[in-house]
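Peer 1: Below is one structure. I have some questions about it.
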Amino acid sequence: MIELKNIYKSFNSNIVLNNLSIKVNSGEIYGLLGANGAGKSTTLNMLLGFLDQDSGTINMIDNKGSTVTSKDGVGYIPENVNLYPYLTGVENLDYFSKIAGLKFTTDQLCNFLLECGLKELDFNKPMSEYSKGMKQKVGIAIAYAKNAKIYLLDEPASGLDPLSSNDLSLLLKKMSKKGATILMASHDIFRVRETCDKIGILKQGTLVKEMFSKDVSSLELESLYLEYMKN
Amino acid sequence: MINIFYNEWRCFLRNKLFIFFTSFFIILLIVVTYFAIIQNNKQIQSQNEAHNHIRSQWDEIDSTNAHSAAHFGTYAFKSNTILNSLDEGINSVTGVVLRLEGHKQNDVAFSEISQSLEISKFGKLKPSLLFQFIIPLFLIFLSFNSYTSEIASGRLKLLIIQGDSLLKIVFAKIVTILSLSFLLLFLSIFIQYTFNFSSLSFDEILRLVIFFFAYIIYYFIIITLTILLSILFKKSISSLSTMIIVWLLWTVFLPKTIGNFTESISPLPTRFELKSDMKEDRSKGIDGHNPSDERRYQLEKETLEKYNVDSLSQLPINFSGILLQADEEYGNKVWDKHFGNVYSILKEQKRNYQLSGLINPFASIQSLSTGSCGTDLIHHLDFLSKAEIYRRYFVKKLNNEYTFVSTKGENAYLSDNVFFKSINDFNYSTPNFSSVLYYYLYDIIFLFSWILFLIFFVILKSRKLII
């Protein structure tokens, strides 16, 4: 479970997060929508432990009620996955898994990549030859292989083609069914609607609207989002 | 940390630019070290030949008057050590041959003729030039973006999320680049060791070890400072440009400025001042060639009393020899006073320059590099002192012969070849490093202080860093 309670954060008197409270239950996927500068990345950076909030509390707890730290129980997928260009997809995945203290066989590594949508043909190509989408898939595989309790995703579908984007949605749903808690920041209204159980709209650091995705269609969500952004 | 280290090397080895530059440096280092060894061995051989020639001239000297032989004199050779090929220090500037004769102390002569070339103003292409100027630049270019590239690519965040600490990442990067410098240094030392395996003494091996670790520490400072700057600035270009400025300050501006400053606070007398002061002091002493000198009569009186005779003609010895030795000893006192002062000033200048290691580790590595190779001022002064001690022995031996063997003082008396052969030759040997180690304590302390200072700051910045 992820719980942010009354979070305030400012940079040089510029308020970035204003009394933000979000709760994501275990096994739930939460989509955080917002324009550039709305505070999505700041929220993720605080959850990752790279930033401290000025006030408020942050709790990340697993199914058993134990506190999860960003290092041991959090998987992260950045917007731009720029892994080591001289290494292949398999080598990058192997390296980052080893850093996490995980050791996989080559077959296991290949399976992770396959599950994340990378074609077998590309496994042993250096990353410098990968497209943005292919790199993104390796980044997703790194987070997936970690088998984390909590996943934080910053524009994870960025650069993915529609098919791969759909694969990502399916993968995230599979992970949430296993009990993972997922918070995903995105601009992509359609992808958020398709993937997430709950959606929040963030505007200038304030959560202006929160809803269950089953209660809105993609079109309704889009018009609602635009309405909030314009006002 | 081992994973990062392994991964960094894997990435290095797949980077063609890295392979090209590293290969270039390895080949350059092998070639430079090899030719430096060949050149040094040739110099050692030439010196040995010259030394043997001079000695054989002496050994084959015809029967001659001992005082004439003192004027004929001999030469002291400061033989190049094997390590001279790594860092020749001040040897090529100061010269390595000293003429030794009666009555006066000469300056060292015969510096290398190659030093007269304009191009030599940039320094000769010796391993030390690569170690002190070129390899640090290479290390700066390898280090300046090793950390910032991880931030810019977002990999740093990912590495930390995966469980690595920032401190571990930073130190793994430092160790990776340091291992490359280790390789380059080791290669040069290994070549040195291989070519001179049979002739390396324990002291020279100890000096090689000190040389090696001194540079490893210096490279650690260069790499860590570059990475620390990239942590502070978070931009590759800022850290690179700042480090280049630091490198220029350390290697060009500070050594010149501090060198001039140390000279101004501990000035040496000019050659004219020194000569005229010595001449004046000398004139107060006994002039062996000037029998009208009043002080001569005092010595004559004492000698007559000692031998209990009334006139010089009754003396069982040659009084001219007594006069010459007295003159020599007085001259030695004058020399000790003036050159002792000059040596003290030179040592003071060196010590003051060494103190700049507090702000400039380049000063410390320069001092330790030349010191461990036995080619710095301390070793040069040791040579001069030992050569002077020998000169005194040499002249005294000749004066005694003149005094006690040619008893009647006849200038025509000729000492035979057996006597000249019996005078020991001068064979200079570099002092053991342990006996001069205390001259380099400042350098060692400052280099270790830099390490502690940088490690402290890296830990501090790694804890407070906002990615």
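Chain labels run A, B, ... following the order of the structure tokens; each chain numbers its residues from 1, and ligands are numbered from 1 in the order shown.
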Which residues of chain B come within 12 Å of chain A, and what is each one's closest atom pair and distance in Å (one decimal), counting only C-alpha atoms, sorted by chain and residue number, as a tab-separated table?
Peer 2:
residue	atom	partner	partner_atom	distance
B:Met1	CA	A:Ile99	CA	8.7
B:Ile2	CA	A:Ile99	CA	9.8
B:Asn3	CA	A:Ile99	CA	7.0
B:Ile4	CA	A:Ile99	CA	8.1
B:Phe5	CA	A:Tyr95	CA	11.2
B:Tyr6	CA	A:Tyr95	CA	9.7
B:Asn7	CA	A:Tyr95	CA	7.5
B:Glu8	CA	A:Tyr84	CA	9.7
B:Trp9	CA	A:Tyr86	CA	11.1
B:Arg10	CA	A:Leu87	CA	8.2
B:Cys11	CA	A:Tyr86	CA	5.8
B:Phe12	CA	A:Tyr86	CA	8.7
B:Leu13	CA	A:Tyr86	CA	9.1
B:Arg14	CA	A:Tyr86	CA	6.1
B:Asn15	CA	A:Tyr86	CA	7.1
B:Lys16	CA	A:Tyr86	CA	10.2
B:Ser149	CA	A:Asn82	CA	10.1
B:Glu150	CA	A:Leu83	CA	9.1
B:Ile151	CA	A:Asn82	CA	10.3
B:Ala152	CA	A:Asn82	CA	8.9
B:Ser153	CA	A:Asn82	CA	5.2
B:Gly154	CA	A:Asn82	CA	6.6
B:Arg155	CA	A:Leu83	CA	6.3
B:Leu156	CA	A:Leu83	CA	10.0
B:Lys157	CA	A:Phe50	CA	8.5
B:Leu158	CA	A:Tyr76	CA	7.0
B:Leu159	CA	A:Phe96	CA	7.0
B:Ile160	CA	A:Lys71	CA	6.8
B:Ile161	CA	A:Lys71	CA	4.9
B:Gln162	CA	A:Ala100	CA	4.6
B:Gly163	CA	A:Lys71	CA	4.6
B:Asp164	CA	A:Ile99	CA	6.4
B:Ser165	CA	A:Lys71	CA	9.2
B:Leu166	CA	A:Phe50	CA	11.2
B:Lys168	CA	A:Ile99	CA	11.2
B:Ile169	CA	A:Ile99	CA	10.6
B:Ser462	CA	A:Phe50	CA	11.9
B:Arg463	CA	A:Phe50	CA	11.0
B:Lys464	CA	A:Phe50	CA	10.1
B:Leu465	CA	A:Phe50	CA	8.6
B:Ile466	CA	A:Phe50	CA	6.2
B:Ile467	CA	A:Phe50	CA	6.3
Peer 1: For region 21-37 of chain A, work out the shell of residues within 9 Å, counting only C-alpha atoms and skipping chain neighbours fewer than 3 positions away, then give it as a PyMOL selection string.
Peer 2: chain A and resi 1-7+16+40-42+56+61-63+149-150+172-173+175-189+192-193+195-207+225+229
Peer 1: Please, could you write that set of residues out with C-alpha atoms as a short mmCIF file (atom, residue, chain, number, x, y, z; two decimals), in the first residue's frame?
Peer 2:
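Resulting contents of part.cif:
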data_model
loop_
_atom_site.label_atom_id
_atom_site.label_comp_id
_atom_site.auth_asym_id
_atom_site.auth_seq_id
_atom_site.Cartn_x
_atom_site.Cartn_y
_atom_site.Cartn_z
CA MET A 1 0.00 0.00 0.00
CA ILE A 2 1.15 3.53 -0.73
CA GLU A 3 -0.16 6.34 1.42
CA LEU A 4 0.67 10.02 1.08
CA LYS A 5 -0.96 12.22 3.73
CA ASN A 6 -1.10 16.02 3.56
CA ILE A 7 2.15 16.38 1.67
CA VAL A 16 5.02 22.18 -5.89
CA LYS A 40 3.84 14.08 -10.65
CA SER A 41 7.63 13.55 -10.82
CA THR A 42 8.12 15.31 -7.46
CA GLY A 56 3.07 15.36 5.74
CA ILE A 61 3.63 -0.98 3.33
CA ASP A 62 3.55 -4.49 1.85
CA ASN A 63 0.80 -7.12 2.17
CA LYS A 149 5.92 -5.02 -3.71
CA ILE A 150 5.49 -1.52 -5.01
CA LEU A 172 0.90 -4.27 -14.96
CA LYS A 173 -2.50 -5.88 -14.36
CA MET A 175 1.58 -7.76 -11.42
CA SER A 176 -1.25 -6.09 -9.50
CA LYS A 177 -3.14 -9.38 -9.37
CA LYS A 178 -0.09 -10.85 -7.65
CA GLY A 179 -0.55 -8.15 -5.01
CA ALA A 180 1.79 -5.43 -6.27
CA THR A 181 0.87 -1.83 -5.58
CA ILE A 182 1.41 0.38 -8.64
CA LEU A 183 1.51 4.15 -8.95
CA MET A 184 1.82 5.42 -12.48
CA ALA A 185 2.32 9.05 -13.50
CA SER A 186 1.31 9.82 -17.05
CA HIS A 187 -0.04 12.23 -19.65
CA ASP A 188 -1.61 9.38 -21.55
CA ILE A 189 -5.30 9.58 -20.60
CA VAL A 192 -4.28 5.40 -17.70
CA ARG A 193 -7.96 4.70 -18.18
CA THR A 195 -4.62 0.24 -17.06
CA CYS A 196 -5.49 1.81 -13.74
CA ASP A 197 -8.13 1.03 -11.15
CA LYS A 198 -8.11 4.52 -9.73
CA ILE A 199 -7.21 7.85 -11.31
CA GLY A 200 -6.18 11.16 -9.78
CA ILE A 201 -5.85 14.47 -11.59
CA LEU A 202 -3.07 16.66 -10.27
CA LYS A 203 -3.03 20.37 -11.01
CA GLN A 204 -0.30 22.69 -9.72
CA GLY A 205 0.45 20.35 -6.86
CA THR A 206 -3.15 19.86 -5.80
CA LEU A 207 -5.18 16.72 -6.33
CA TYR A 225 -9.12 16.35 -17.58
CA MET A 229 -6.62 21.97 -16.95
#
Peer 1: I'd like to know which residues of chain A are alpha helix (DSSP H) (by DSSP, run on the backbone); could you write them as a count of residues only?
Peer 2: 84
Peer 1: Would you compute the distance between CA of Phe220 (chain B) and CA of Leu86 (chain B)? Give it in Å to one decimal.
Peer 2: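 Taking CA of Phe220 (chain B) as the start and CA of Leu86 (chain B) as the end point, the length is 20.3 Å.
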Peer 1: Among region 9-186 of chain A, which ones does DSSP assign to strand (DSSP E) (computed from the backbone)? Answer as a ChimeraX atom specification.
Peer 2: /A:9-11,14-24,29-34,55-60,74-77,150-154,181-186
Peer 1: Would you work out the distance separating CA of Leu377 (chain B) from CA of Phe190 (chain B), expressed in Å to one decimal?
Peer 2: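 These atoms are spaced 26.6 Å apart.
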Peer 1: Which one of B:Gln105, B:Ser46, B:Thr375, B:Ala66 sits closest to Gly89 (chain B) if you count only C-alpha atoms?
Peer 2: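 With only C-alpha atoms as the atom set, the closest residue is B:Thr375.
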Peer 1: With only C-alpha atoms as the counted atoms, please give the residues lying no more than 9 Å from Gly159 (chain A), apart from itself and same-chain residues fewer than 4 positions off, as a ChimeraX atom specification.
Peer 2: /A:79-80,131-134,136,165
